[in-house]
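Q: Quick one, query-v8.txt (compact mmCIF, C-alpha atoms):
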# COMPACT_ATOMS: atom_id res chain seq x y z
CA MET A 348 -12.39 -19.54 -4.95
CA LEU A 349 -9.29 -17.39 -4.54
CA SER A 350 -8.62 -14.42 -2.29
CA VAL A 351 -7.74 -11.17 -4.06
CA ARG A 352 -5.54 -9.03 -1.82
CA LEU A 353 -4.71 -5.33 -2.06
CA ASN A 354 -1.62 -4.28 -0.10
CA GLY A 355 -1.83 -7.64 1.68
CA ILE A 356 -5.46 -7.31 2.84
CA GLU A 357 -8.30 -9.34 1.37
CA ALA A 358 -10.37 -7.11 -0.91
CA GLY A 359 -12.55 -9.71 -2.59
CA TYR A 360 -12.94 -13.11 -4.17
CA LEU A 361 -12.17 -14.50 -7.61
CA GLU A 362 -14.21 -17.45 -8.83
CA ALA A 363 -14.23 -19.57 -11.97
CA GLN A 364 -17.57 -20.85 -13.20
CA ARG A 365 -18.02 -24.26 -14.81
CA ASP A 366 -17.65 -22.71 -18.24
CA GLY A 367 -14.32 -21.20 -17.16
CA PHE A 368 -15.64 -17.65 -17.01
CA LEU A 369 -14.39 -15.50 -14.14
CA SER A 370 -16.30 -13.46 -11.62
CA PHE A 371 -15.21 -11.11 -8.86
CA ARG A 372 -16.91 -9.53 -5.87
CA TYR A 373 -15.62 -7.34 -3.07
CA SER A 374 -15.66 -8.70 0.46
CA GLU A 375 -17.99 -7.11 3.00
CA ALA A 376 -15.02 -6.43 5.28
CA TRP A 377 -13.20 -4.54 2.51
CA LEU A 378 -16.24 -2.44 1.66
CA LYS A 379 -16.47 -1.39 5.32
CA ARG A 380 -12.82 -0.32 5.54
CA PRO A 381 -12.43 3.48 5.79
CA ALA A 382 -9.51 3.42 3.35
CA ALA A 383 -11.01 0.90 0.91
CA TYR A 384 -10.35 1.62 -2.75
CA GLN A 385 -11.55 0.04 -5.97
CA LEU A 386 -9.71 -2.71 -7.78
CA SER A 387 -10.40 -1.00 -11.08
CA MET A 388 -12.22 1.92 -12.63
CA SER A 389 -14.18 -0.78 -14.42
CA MET A 390 -15.17 -2.32 -11.05
CA PRO A 391 -16.27 0.43 -8.63
CA LEU A 392 -16.74 -0.44 -4.96
CA SER A 393 -20.08 -2.24 -4.80
CA THR A 394 -21.80 -5.32 -3.40
CA GLN A 395 -22.55 -6.56 -6.91
CA MET A 396 -20.88 -9.51 -8.60
CA TYR A 397 -18.74 -8.57 -11.60
CA GLY A 398 -18.98 -11.28 -14.24
CA GLU A 399 -16.78 -12.34 -17.14
CA ALA A 400 -17.49 -9.25 -19.23
CA ILE A 401 -15.74 -7.07 -16.63
CA ALA A 402 -13.70 -9.40 -14.42
CA GLY A 403 -12.41 -11.53 -17.31
CA PRO A 404 -10.47 -8.78 -19.13
CA TRP A 405 -9.12 -7.31 -15.89
CA PHE A 406 -7.66 -10.51 -14.48
CA ASP A 407 -6.47 -11.70 -17.88
CA GLY A 408 -4.54 -8.42 -17.98
CA LEU A 409 -2.39 -9.57 -15.06
CA LEU A 410 -0.98 -12.49 -17.06
CA PRO A 411 1.63 -12.70 -19.85
CA ASP A 412 0.25 -11.88 -23.31
CA ASN A 413 2.67 -14.16 -25.18
CA ARG A 414 1.04 -17.47 -26.05
CA ASN A 415 4.34 -19.38 -25.99
CA VAL A 416 5.17 -17.99 -22.54
CA ARG A 417 1.72 -18.96 -21.25
CA GLU A 418 2.05 -22.47 -22.65
CA THR A 419 5.49 -22.91 -21.10
CA LEU A 420 4.18 -21.74 -17.72
CA ALA A 421 1.11 -23.96 -18.07
CA ARG A 422 3.26 -27.04 -18.72
CA ARG A 423 5.42 -26.24 -15.72
CA PHE A 424 2.36 -26.06 -13.46
CA GLU A 425 0.43 -28.78 -15.30
CA ILE A 426 -2.57 -26.63 -16.16
CA ASP A 427 -4.20 -25.45 -19.39
CA ALA A 428 -2.68 -22.37 -21.06
CA GLY A 429 -6.14 -20.88 -21.44
CA ASP A 430 -7.00 -21.32 -17.78
CA ASP A 431 -6.63 -17.80 -16.40
CA TYR A 432 -7.90 -18.89 -13.00
CA GLY A 433 -5.37 -21.72 -12.78
CA LEU A 434 -2.50 -19.51 -13.90
CA LEU A 435 -3.39 -16.84 -11.36
CA GLU A 436 -3.65 -19.49 -8.66
CA ALA A 437 -0.11 -20.58 -9.55
CA LEU A 438 1.47 -17.19 -10.24
CA GLY A 439 -0.63 -14.55 -8.52
CA ARG A 440 1.38 -13.94 -5.37
CA GLU A 441 3.23 -10.99 -6.97
CA CYS A 442 1.27 -9.14 -9.66
CA PRO A 443 1.40 -5.66 -11.15
CA GLY A 444 0.36 -2.97 -8.71
CA ALA A 445 -0.79 -3.85 -5.20
CA VAL A 446 -2.63 -7.03 -6.22
CA SER A 447 -1.90 -10.54 -5.07
CA VAL A 448 -4.06 -13.59 -5.68
CA MET A 449 -3.80 -16.09 -2.84
CA PRO A 450 -5.51 -19.20 -1.44
CA LEU A 451 -8.43 -18.36 0.84
CA ASP A 452 -6.68 -19.78 3.88
CA ALA A 453 -3.41 -17.86 3.31
CA GLU A 454 -2.64 -15.60 6.24
CA GLN A 455 -3.41 -11.93 5.68
CA ILE A 456 -0.27 -9.91 6.31
CA PRO A 457 -0.38 -6.12 5.84
CA GLU A 458 2.59 -5.14 3.75
CA ASP A 459 4.08 -2.99 6.51
CA LYS A 460 4.37 -6.21 8.54
CA ILE A 461 6.21 -8.16 5.84
CA ASP A 462 9.78 -9.12 6.70
CA LEU A 463 12.07 -8.76 3.69
CA ALA A 464 13.14 -12.14 2.33
CA TYR A 465 15.27 -12.56 -0.76
CA SER A 466 18.16 -14.46 -2.34
CA VAL A 467 20.98 -12.41 -3.84
CA LEU A 468 22.18 -13.89 -7.13
CA SER A 469 25.82 -14.24 -8.07
CA VAL A 470 26.77 -13.06 -11.55
CA LYS A 471 26.84 -16.68 -12.72
CA GLU A 472 23.45 -17.45 -11.18
CA LEU A 473 21.94 -14.37 -12.76
CA ALA A 474 23.39 -15.24 -16.17
CA ASP A 475 22.04 -18.79 -15.87
CA HIS A 476 18.58 -17.48 -14.94
CA ILE A 477 18.58 -15.21 -17.99
CA ARG A 478 19.71 -18.02 -20.30
CA ASN A 479 16.85 -20.14 -19.01
CA LEU A 480 14.12 -17.53 -19.51
CA PRO A 481 12.71 -19.27 -22.65
CA THR A 482 12.11 -22.46 -20.67
CA ARG A 483 11.58 -20.85 -17.28
CA PRO A 484 9.59 -17.67 -17.96
CA LEU A 485 9.56 -14.99 -15.25
CA PHE A 486 12.19 -17.06 -13.34
CA VAL A 487 9.25 -19.01 -11.86
CA ASP A 488 9.93 -22.09 -9.79
CA ALA A 489 7.20 -24.72 -9.89
CA ASP A 490 8.57 -26.39 -6.77
CA GLY A 491 9.81 -23.40 -4.83
CA GLU A 492 8.87 -19.87 -3.86
CA MET A 493 9.39 -17.78 -7.01
CA ARG A 494 5.80 -17.14 -8.11
CA LEU A 495 4.94 -13.93 -9.93
CA SER A 496 3.01 -12.71 -12.95
CA LEU A 497 3.76 -9.91 -15.38
CA PRO A 498 1.79 -8.91 -18.48
CA GLY A 499 3.49 -8.33 -21.81
CA VAL A 500 4.83 -10.38 -24.72
CA HIS A 501 8.58 -10.23 -24.03
CA HIS A 502 10.84 -12.32 -21.83
CA LYS A 503 11.20 -10.60 -18.47
CA SER A 504 11.06 -11.09 -14.74
CA ALA A 505 10.58 -9.04 -11.61
CA VAL A 506 13.53 -8.81 -9.25
CA LEU A 507 14.73 -7.02 -6.15
CA LEU A 508 17.76 -4.73 -6.23
CA VAL A 509 19.75 -5.04 -3.00
CA SER A 510 22.91 -2.93 -2.67
CA ASN A 511 23.26 -2.90 -6.47
CA ALA A 512 22.96 -6.69 -6.65
CA VAL A 513 20.06 -8.51 -8.32
CA ALA A 514 18.06 -10.67 -5.93
CA LEU A 515 15.02 -12.92 -6.17
CA SER A 516 12.11 -12.06 -3.93
CA ARG A 517 11.01 -14.71 -1.44
CA ASP A 518 7.79 -15.22 0.49
CA ARG A 519 5.72 -12.03 0.05
CA THR A 520 8.53 -9.53 -0.37
CA PRO A 521 7.72 -7.01 -3.14
CA THR A 522 10.02 -6.72 -6.14
CA THR A 523 11.54 -3.36 -7.08
CA HIS A 524 12.67 -3.72 -10.71
CA ILE A 525 11.67 -5.35 -14.00
CA LEU A 526 14.47 -7.28 -15.72
CA LYS A 527 14.12 -7.44 -19.51
CA VAL A 528 16.18 -9.11 -22.21
CA ASP A 529 16.28 -8.65 -25.98
CA ILE A 530 13.19 -9.54 -27.97
CA GLN A 531 13.87 -12.88 -29.65
CA GLY A 532 15.32 -12.25 -33.11
CA LEU A 533 15.90 -8.54 -32.46
CA PRO A 534 19.41 -8.09 -30.99
CA ASP A 535 19.96 -4.91 -28.97
CA SER A 536 16.23 -4.23 -28.63
CA ILE A 537 16.71 -3.44 -24.95
CA ARG A 538 19.48 -0.97 -25.80
CA VAL A 539 17.10 0.79 -28.19
CA GLU A 540 14.34 0.75 -25.56
CA ASN A 541 16.70 2.12 -22.92
CA PHE A 542 17.79 4.88 -25.30
CA CYS A 543 14.19 5.84 -26.07
CA LEU A 544 13.31 5.92 -22.37
CA ARG A 545 16.25 8.13 -21.53
CA VAL A 546 15.46 10.49 -24.42
CA ALA A 547 11.85 10.70 -23.25
CA GLY A 548 13.09 11.73 -19.83
CA ALA A 549 15.43 14.30 -21.38
CA VAL A 550 12.52 16.08 -23.10
CA GLY A 551 10.50 16.21 -19.89
CA LEU A 552 8.32 13.11 -19.95
CA LYS A 553 7.93 11.08 -16.77
CA VAL A 554 9.77 7.77 -17.17
CA PRO A 555 11.18 5.16 -14.77
CA ARG A 556 14.93 4.84 -14.26
CA SER A 557 16.54 2.33 -16.62
CA ARG A 558 20.03 0.96 -17.24
CA VAL A 559 21.64 -1.80 -19.32
CA TYR A 560 23.97 -4.32 -17.72
CA VAL A 561 25.85 -7.48 -18.63
CA ALA A 562 26.16 -10.70 -16.59
CA GLU A 563 28.79 -12.90 -18.21
CA ASP A 564 27.60 -13.00 -21.84
CA GLN A 565 24.00 -12.05 -21.04
CA THR A 566 22.83 -8.48 -21.64
CA TYR A 567 19.82 -7.27 -19.68
CA MET A 568 18.03 -4.09 -18.71
CA LEU A 569 16.72 -3.11 -15.30
CA ILE A 570 13.76 -0.74 -15.08
CA ALA A 571 12.67 0.63 -11.72
CA ARG A 572 9.06 -0.26 -10.96
CA TYR A 573 6.82 2.81 -10.87
CA ASP A 574 4.32 0.83 -8.77
CA ARG A 575 6.70 0.48 -5.83
CA MET A 576 7.85 3.03 -3.26
CA MET A 577 9.28 3.20 0.21
CA GLY A 578 6.76 3.55 3.05
CA GLU A 579 7.38 4.48 6.67
CA ARG A 580 6.03 2.67 9.72
CA ALA A 581 4.86 4.41 12.90
CA ASP A 582 8.24 3.72 14.51
CA GLY A 583 10.10 5.45 11.69
CA THR A 584 11.44 2.31 10.03
CA ARG A 585 10.89 1.89 6.30
CA PHE A 586 9.28 -0.84 4.22
CA LEU A 587 8.58 -1.56 0.55
CA ARG A 588 5.09 -0.45 -0.43
CA ARG A 589 3.10 -1.58 -3.44
CA LEU A 590 1.13 1.04 -5.37
CA HIS A 591 -2.01 -0.14 -7.07
CA GLN A 592 -2.10 0.29 -10.84
CA GLU A 593 -4.03 -0.84 -13.89
CA ASP A 594 -3.42 -0.40 -17.59
CA PHE A 595 -5.86 1.34 -19.91
CA CYS A 596 -7.21 -1.97 -21.24
CA GLN A 597 -8.10 -3.07 -17.72
CA ALA A 598 -9.59 0.31 -16.84
CA THR A 599 -11.84 0.23 -19.92
CA GLY A 600 -12.79 -3.45 -19.72
CA ARG A 601 -10.80 -4.70 -22.73
CA TYR A 602 -8.96 -8.00 -23.02
CA PRO A 603 -5.20 -7.88 -23.71
CA ARG A 604 -5.90 -9.27 -27.21
CA GLU A 605 -7.82 -6.04 -27.87
CA LYS A 606 -4.94 -3.73 -26.96
CA TYR A 607 -4.55 -2.30 -30.48
CA GLU A 608 -7.28 0.05 -31.64
CA LYS A 609 -7.72 -1.95 -34.87
CA ASP A 610 -8.62 -4.96 -32.72
CA GLY A 611 -11.24 -3.11 -30.71
CA GLY A 612 -8.98 -1.58 -28.10
CA PRO A 613 -9.08 1.96 -26.76
CA GLY A 614 -8.20 4.82 -29.08
CA TRP A 615 -6.97 8.24 -28.07
CA LYS A 616 -10.53 9.47 -27.55
CA ASP A 617 -11.15 6.66 -25.03
CA CYS A 618 -7.83 7.29 -23.29
CA PHE A 619 -8.37 11.01 -22.82
CA LYS A 620 -11.95 10.43 -21.65
CA LEU A 621 -10.59 8.02 -19.03
CA LEU A 622 -8.43 10.82 -17.65
CA ASP A 623 -11.55 12.79 -16.72
CA ARG A 624 -11.74 10.43 -13.74
CA THR A 625 -8.21 11.12 -12.52
CA SER A 626 -7.44 13.50 -9.66
CA ASP A 627 -5.95 16.19 -11.93
CA PRO A 628 -7.42 15.78 -15.44
CA ILE A 629 -5.75 18.87 -16.89
CA SER A 630 -2.24 17.78 -15.91
CA ALA A 631 -2.93 14.19 -16.93
CA LYS A 632 -4.21 15.23 -20.36
CA THR A 633 -1.27 17.56 -20.93
CA GLU A 634 1.12 14.72 -20.11
CA LEU A 635 -0.76 12.22 -22.30
CA LEU A 636 -0.82 14.66 -25.22
CA ASN A 637 2.95 15.00 -25.05
CA ARG A 638 3.28 11.21 -24.85
CA ALA A 639 1.05 10.69 -27.89
CA ILE A 640 3.18 13.13 -29.87
CA PHE A 641 6.41 11.62 -28.59
CA GLN A 642 5.31 8.08 -29.57
CA PHE A 643 4.65 9.32 -33.11
CA LEU A 644 7.95 11.19 -33.37
CA ILE A 645 10.07 8.41 -31.83
CA GLY A 646 8.59 5.90 -34.30
CA ASN A 647 7.11 3.47 -31.77
CA PRO A 648 4.53 1.15 -33.39
CA ASP A 649 3.51 -0.48 -30.10
CA ALA A 650 2.09 2.46 -28.15
CA HIS A 651 -1.11 0.53 -27.48
CA ALA A 652 -3.48 0.74 -24.51
CA LYS A 653 -1.61 -1.78 -22.35
CA ASN A 654 1.41 0.50 -22.47
CA TYR A 655 -0.41 3.26 -20.59
CA SER A 656 -1.45 2.84 -16.98
CA LEU A 657 -3.09 4.57 -14.05
CA VAL A 658 -1.77 4.52 -10.50
CA HIS A 659 -4.22 4.66 -7.57
CA ARG A 660 -2.57 6.01 -4.43
CA SER A 661 -3.98 7.45 -1.20
CA GLY A 662 -7.36 8.17 -2.74
CA ARG A 663 -5.86 9.81 -5.83
CA THR A 664 -5.53 8.52 -9.40
CA TYR A 665 -2.88 9.68 -11.83
CA LEU A 666 -0.98 8.61 -14.93
CA SER A 667 1.83 6.17 -14.36
CA LYS A 668 5.27 6.84 -15.74
CA LEU A 669 5.80 6.05 -19.42
CA TYR A 670 7.18 2.62 -20.32
CA ASP A 671 7.77 0.13 -23.18
CA LEU A 672 9.19 2.55 -25.73
CA ASN A 673 10.92 1.56 -28.96
CA ASN A 674 11.70 2.55 -32.53
CA ALA A 675 10.63 0.40 -35.50
CA ALA A 676 13.25 1.66 -37.98
CA ALA A 677 16.09 0.26 -35.86
CA PHE A 678 14.95 -3.27 -36.74
CA ARG A 679 13.94 -2.87 -40.39
CA GLU A 680 16.71 -5.21 -41.59
CA HIS A 681 15.02 -8.06 -39.70
CA TYR A 682 11.80 -7.77 -41.71
CA LYS A 683 11.12 -8.38 -45.40
CA GLU A 684 8.70 -5.47 -45.30
CA GLN A 685 7.92 -2.89 -42.66
CA ARG A 686 4.57 -1.17 -43.01
CA PRO A 687 4.46 1.87 -40.73
CA ARG A 688 1.38 1.73 -38.57
CA LEU A 689 0.20 3.47 -35.41
CA ALA A 690 -1.20 1.45 -32.52
CA MET A 691 -3.77 4.20 -31.98
CA TRP A 692 -4.98 6.26 -34.91
CA VAL A 693 -4.42 10.00 -35.22
CA GLY A 694 -7.49 11.65 -36.64
CA GLY A 695 -8.60 8.42 -38.29
CA GLU A 696 -5.20 7.71 -39.91
CA ARG A 697 -2.99 4.71 -39.03
CA ASN A 698 -0.05 5.47 -41.31
CA PRO A 699 2.32 7.88 -39.52
CA ASP A 700 3.98 8.81 -42.81
CA THR A 701 0.81 10.33 -44.26
CA LEU A 702 -0.36 12.49 -41.35
CA GLU A 703 -1.46 15.97 -42.39
CA PRO A 704 -2.63 19.01 -40.41
CA ALA A 705 -6.23 17.86 -40.96
CA HIS A 706 -5.49 14.60 -39.14
CA TRP A 707 -4.05 16.48 -36.16
CA ASN A 708 -7.10 18.77 -36.15
CA ALA A 709 -9.38 15.72 -36.07
CA PHE A 710 -7.21 14.22 -33.33
CA ALA A 711 -7.59 17.42 -31.29
CA GLU A 712 -11.36 17.26 -31.66
CA ASP A 713 -11.39 13.60 -30.62
CA ILE A 714 -9.54 14.33 -27.39
CA GLY A 715 -11.34 17.57 -26.61
CA LEU A 716 -8.41 19.99 -27.04
CA ARG A 717 -7.95 23.06 -29.23
CA HIS A 718 -6.31 22.55 -32.64
CA GLU A 719 -3.76 25.24 -31.91
CA LEU A 720 -2.73 23.70 -28.60
CA VAL A 721 -2.12 20.27 -30.17
CA LYS A 722 -0.13 21.60 -33.13
CA ARG A 723 1.87 23.91 -30.88
CA ALA A 724 2.83 20.92 -28.73
CA LEU A 725 3.76 18.96 -31.87
CA ARG A 726 5.94 21.77 -33.18
CA ASP A 727 7.63 22.24 -29.80
CA LEU A 728 8.53 18.58 -29.33
CA ALA A 729 9.54 18.10 -32.97
CA GLY A 730 11.90 21.03 -32.51
CA ARG A 731 13.51 19.74 -29.30
CA LEU A 732 13.63 15.98 -29.84
CA PRO A 733 16.43 15.70 -32.44
CA GLU A 734 18.89 17.57 -30.21
CA ALA A 735 17.90 15.46 -27.20
CA CYS A 736 18.58 12.34 -29.29
CA ARG A 737 21.95 13.67 -30.44
CA GLN A 738 23.03 14.49 -26.91
CA MET A 739 21.92 11.10 -25.58
CA ARG A 740 23.65 9.36 -28.50
CA ALA A 741 26.90 11.11 -27.58
CA GLU A 742 26.45 10.20 -23.91
CA PHE A 743 25.96 6.51 -24.75
CA ALA A 744 28.92 6.28 -27.18
CA GLY A 745 31.43 3.63 -26.12
CA SER A 746 29.41 2.56 -23.07
CA ILE A 747 27.70 -0.74 -22.28
CA GLU A 748 24.46 0.93 -23.40
CA ASP A 749 25.80 1.73 -26.88
CA SER A 750 24.64 0.10 -30.13
CA HIS A 751 24.99 0.90 -33.82
CA LEU A 752 21.17 0.82 -33.91
CA LEU A 753 21.09 4.11 -32.03
CA ASP A 754 22.45 5.84 -35.15
CA ILE A 755 19.44 4.53 -37.08
CA VAL A 756 17.12 5.77 -34.35
CA LEU A 757 18.73 9.21 -34.43
CA GLU A 758 18.43 9.43 -38.21
CA ASP A 759 14.83 8.18 -38.24
CA VAL A 760 13.63 10.47 -35.45
CA SER A 761 15.39 13.53 -36.87
CA ALA A 762 13.82 12.95 -40.29
CA ARG A 763 10.33 12.48 -38.84
CA CYS A 764 10.64 15.62 -36.73
CA ALA A 765 11.77 17.60 -39.79
CA ARG A 766 8.78 16.31 -41.79
CA ALA A 767 6.43 17.23 -38.94
CA VAL A 768 7.73 20.80 -38.80
CA ALA A 769 7.52 21.10 -42.60
CA MET A 770 3.94 19.78 -42.49
CA LEU A 771 2.99 22.38 -39.90
CA ASP A 772 4.63 25.09 -42.00
CA THR A 773 2.28 24.26 -44.90
CA ASP A 774 -0.78 24.46 -42.66
CA ARG A 775 -3.10 27.23 -43.81
CA GLY A 776 -4.54 27.62 -40.33
CA PRO A 777 -3.43 30.24 -37.81
CA ARG A 778 0.36 30.63 -37.59
CA LEU A 779 1.71 28.88 -34.46
Output the file's structure in the form of structure tokens.
A:
Amino acid sequence: MLSVRLNGIEAGYLEAQRDGFLSFRYSEAWLKRPAAYQLSMSMPLSTQMYGEAIAGPWFDGLLPDNRNVRETLARRFEIDAGDDYGLLEALGRECPGAVSVMPLDAEQIPEDKIDLAYSVLSVKELADHIRNLPTRPLFVDADGEMRLSLPGVHHKSAVLLVSNAVALSRDRTPTTHILKVDIQGLPDSIRVENFCLRVAGAVGLKVPRSRVYVAEDQTYMLIARYDRMMGERADGTRFLRRLHQEDFCQATGRYPREKYEKDGGPGWKDCFKLLDRTSDPISAKTELLNRAIFQFLIGNPDAHAKNYSLVHRSGRTYLSKLYDLNNAAAFREHYKEQRPRLAMWVGGERNPDTLEPAHWNAFAEDIGLRHELVKRALRDLAGRLPEACRQMRAEFAGSIEDSHLLDIVLEDVSARCARAVAMLDTDRGPRL
């Protein structure tokens, strides 16, 4: 049995049955706390035991999705790659959100009592750590203190930024940034991702801060964690505070392998329905609508349910900032064939190149919004996005964040926006 902590306090217990299936239950002490909050929308506060059908997908969602990464981590800790319980036991000290998975006898330390402990990396040390990511995923140390888990399929780690220097967290110190490197076989993928994030911010979407850097010959991107913030103690001193979060797969009880709608994952209808349970559904749905349109226009094929999250803070639930953006066209030369597909269908259609007004009308009905509102939002963003891309392209020119791939992104996005406006112009419905 393992102790599941929220903000450093034991909230419940994770168990593995003989068949390997997981179960979770809240502790009596947590349920009695005045400020107790739920681990997930799929696991409301209750005395009941949540079995594999609910607990399995949620805890699996804390771990890396990439099979090779899981196998490398499993070999390092001498456990089976399919053993979620064993991997969480080894890696669960620092997870997404406010969660940590600890031994039962580990001391409970509220996060405002945690003394910051970290090791600042020299440029050479950082470069060496990045080079070793394929054999040492997440920068984990089987014999030392670096134990953390991050979902996703790409090579990354969580780090602490201290006076503009990258540091490794020690003991229970929270991390502040995600460090990402290029997707294997796709050079400059982080530069494209950084560009897309910055463009999203320029058109008004809520995104985390991101920048590209180089350590020796190693290029990397730092993204500020949206699930971290500064808190203040009673004496006025400040501390790093974890914010609890969960992705849409976890919130709807889906395994990471089901993240794409075609594989049984949430579609837009499920996602918008989930927002009915947030603290401000109207604002959340407006933001998600703009994100759905942006993902289509930017040409991102991986806007699946694990790339949308909810943050639970001080009794309120809201959409997290937008993350994991990209553009497929930038990497077309690396594929024999690129079939454009959407991670979540629009009005029953997966091919973004064949969307018609009828598909957007059906999409509007699925998510419970008026046709006119959806198409007005599409026209507005399609009109503004090309100029935002051009301005960001000019800003990046000649900098460390520049890449020739950004020209392809600009061309691709501009063409898609033009097609979207032309499509709306042929719509026989009310003029927008």
Q: Of the residues A:Leu590, A:Val559, A:Leu369, A:Leu508, which is the one nearest to Leu353 (chain A), using all atoms listed in the file?
A: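 Going through A:Leu590, A:Val559, A:Leu369, A:Leu508 one by one, the smallest distance to Leu353 (chain A) is for A:Leu590.
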Q: What gap, in Å, lies between CA of Asp427 (chain A) and CA of Glu454 (chain A)?
A: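 Separation of CA of Asp427 (chain A) and CA of Glu454 (chain A): 27.5 Å.
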Q: From the set A:Met449, A:Leu485, A:Ile747, A:Ala767, which residue has the shortest atom-to-atom contact distance to Leu410 (chain A), counting only C-alpha atoms?
A: A:Leu485
Q: Any chance you could tabulate, as JSON lines, the residues of region 647-744 of chain A at most 9 Å from region 614-619 of chain A with each one's nearest atom pair and distance in Å to one decimal, using all atoms listed in the file, in chain and rising number order?
A:
{"residue": "A:His651", "atom": "CA", "partner": "A:Gly614", "partner_atom": "CA", "distance": 8.4}
{"residue": "A:Ala652", "atom": "CA", "partner": "A:Gly614", "partner_atom": "CA", "distance": 7.7}
{"residue": "A:Tyr655", "atom": "CA", "partner": "A:Cys618", "partner_atom": "CA", "distance": 8.9}
{"residue": "A:Ala690", "atom": "CA", "partner": "A:Gly614", "partner_atom": "CA", "distance": 8.5}
{"residue": "A:Met691", "atom": "CA", "partner": "A:Gly614", "partner_atom": "CA", "distance": 5.3}
{"residue": "A:Trp692", "atom": "CA", "partner": "A:Gly614", "partner_atom": "CA", "distance": 6.8}
{"residue": "A:Val693", "atom": "CA", "partner": "A:Trp615", "partner_atom": "CA", "distance": 7.8}
{"residue": "A:Phe710", "atom": "CA", "partner": "A:Trp615", "partner_atom": "CA", "distance": 8.0}
{"residue": "A:Glu712", "atom": "CA", "partner": "A:Lys616", "partner_atom": "CA", "distance": 8.8}
{"residue": "A:Asp713", "atom": "CA", "partner": "A:Lys616", "partner_atom": "CA", "distance": 5.2}
{"residue": "A:Ile714", "atom": "CA", "partner": "A:Lys616", "partner_atom": "CA", "distance": 5.0}
{"residue": "A:Gly715", "atom": "CA", "partner": "A:Phe619", "partner_atom": "CA", "distance": 8.1}
Q: Would you mind telling me which residue in A:Gly444, A:Pro450, A:Gly403, A:Pro481 lies nearest to Thr523 (chain A) when using only C-alpha atoms?
A: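 Distance minimum relative to Thr523 (chain A) lands on A:Gly444.
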Q: Residues at most 10 Å from Ala650 (chain A), counting all atoms listed in the file, excluding those fewer than 3 positions away in the same chain, as a list in words?
A: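 Near Ala650 (chain A), the qualifying residues are Lys606, Tyr607, Arg638, Ala639, Gln642, Phe643, Gly646, Asn647, Lys653, Asn654, Tyr655, Tyr670, Asp671, Leu672, Asn673, Leu689, Ala690 and Met691 of chain A.
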Q: List every protein, DNA or RNA residue that has at least one atom no more than 7 Å from (-0.7, 2.6, -40.0) in the file's coordinates, counting all atoms listed in the file, and write the result as a list in words.
A: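 Final list of nearby residues, as requested, is Pro687, Arg688, Leu689, Glu696, Arg697, Asn698 and Pro699 of chain A.
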Q: For Val768 (chain A), work out the shell of residues within 12 Å, counting all atoms listed in the file and skipping chain neighbours fewer than 6 positions away, then give it as an NGL selection string.
A: :A and (644 or 702-704 or 722-733 or 761-762 or 774 or 779)
Q: Hey, what's within 12 Å of Lys379 (chain A) if we count all atoms listed in the file and toss same-chain stuff fewer than 3 positions away? As an MDAnalysis selection string, please?
A: chainID A and resid 358 373:376 382:384 392:394
Q: Within 7 Å of (9.7, -7.2, 0.7) (coordinates as in the file), grab all the protein and nucleic acid residues, counting all atoms listed in the file, and write them out as a PyMOL selection string.
A: chain A and resi 461-464+519-522+587
Q: Between A:Leu473, A:Val351, A:Leu666, A:Ala512, which one has atoms that come closest to Arg440 (chain A), using only C-alpha atoms?
A: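 Of all the options, A:Val351 lies closest to Arg440 (chain A).
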Q: Record the distance separating CA of Arg660 (chain A) and CA of Met390 (chain A), expressed in Å with one decimal.
A: 16.5 Å
Q: Distance CA of Ala549 (chain A)-CA of Tyr573 (chain A), one decimal place?
A: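 So the two atoms, CA of Ala549 (chain A) and CA of Tyr573 (chain A), lie 17.8 Å apart.
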Q: Measuring between only C-alpha atoms, which one of A:Arg663, A:Arg575, A:Arg679, A:His591 shows the shortest distance to Leu386 (chain A)?
A: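 Closest to Leu386 (chain A), using only C-alpha atoms: A:His591.
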Q: Using only C-alpha atoms for the distances, tell me which of A:Ala769, A:Ile537, A:Leu669, A:Ala581 is nearest to Asp749 (chain A).
A: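 Nearest to Asp749 (chain A): A:Ile537.
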Q: Write out as a count of residues only each polymer residue whose atoms come within 10 Å of Met348 (chain A), counting all atoms listed in the file; drop sequence neighbours fewer than 2 positions from it.
A: 14
Q: Excluding Phe406 (chain A) and residues on its chain fewer than 5 positions from it, collect all residues at most 12 Å away from it, counting only C-alpha atoms, and give them as JSON, numbers by chain.
A: {"A": [351, 360, 361, 362, 363, 368, 369, 370, 371, 386, 387, 389, 390, 397, 398, 399, 400, 401, 411, 412, 430, 431, 432, 433, 434, 435, 436, 439, 442, 443, 446, 447, 448, 496, 497, 498, 593, 594, 596, 597, 598, 600, 601, 602, 603]}
Q: Please report as a Markdown table every residue of region 465-487 of chain A lying within 12 Å of region 566-570 of chain A, along with the nearest atom pair and their distance in Å (one decimal), using all atoms listed in the file.
A:
| residue | atom | partner | partner_atom | distance |
| --- | --- | --- | --- | --- |
| A:Val470 | CA | A:Thr566 | CA | 11.8 |
| A:Leu473 | CA | A:Tyr567 | CA | 10.1 |
| A:Ala474 | CA | A:Thr566 | CA | 8.7 |
| A:Asp475 | CA | A:Thr566 | CA | 11.8 |
| A:His476 | CA | A:Tyr567 | CA | 11.3 |
| A:Ile477 | CA | A:Tyr567 | CA | 8.2 |
| A:Arg478 | CA | A:Thr566 | CA | 10.1 |
| A:Leu480 | CA | A:Tyr567 | CA | 11.7 |
Q: Mind giving me the axis-aligned box for region 528-540 of chain A with 6 Å on every side, centre plus edges in Å to one decimal, as JSON?
A:
{"center_x": 16.6, "center_y": -6.0, "center_z": -27.7, "size_x": 18.8, "size_y": 25.7, "size_z": 22.9}
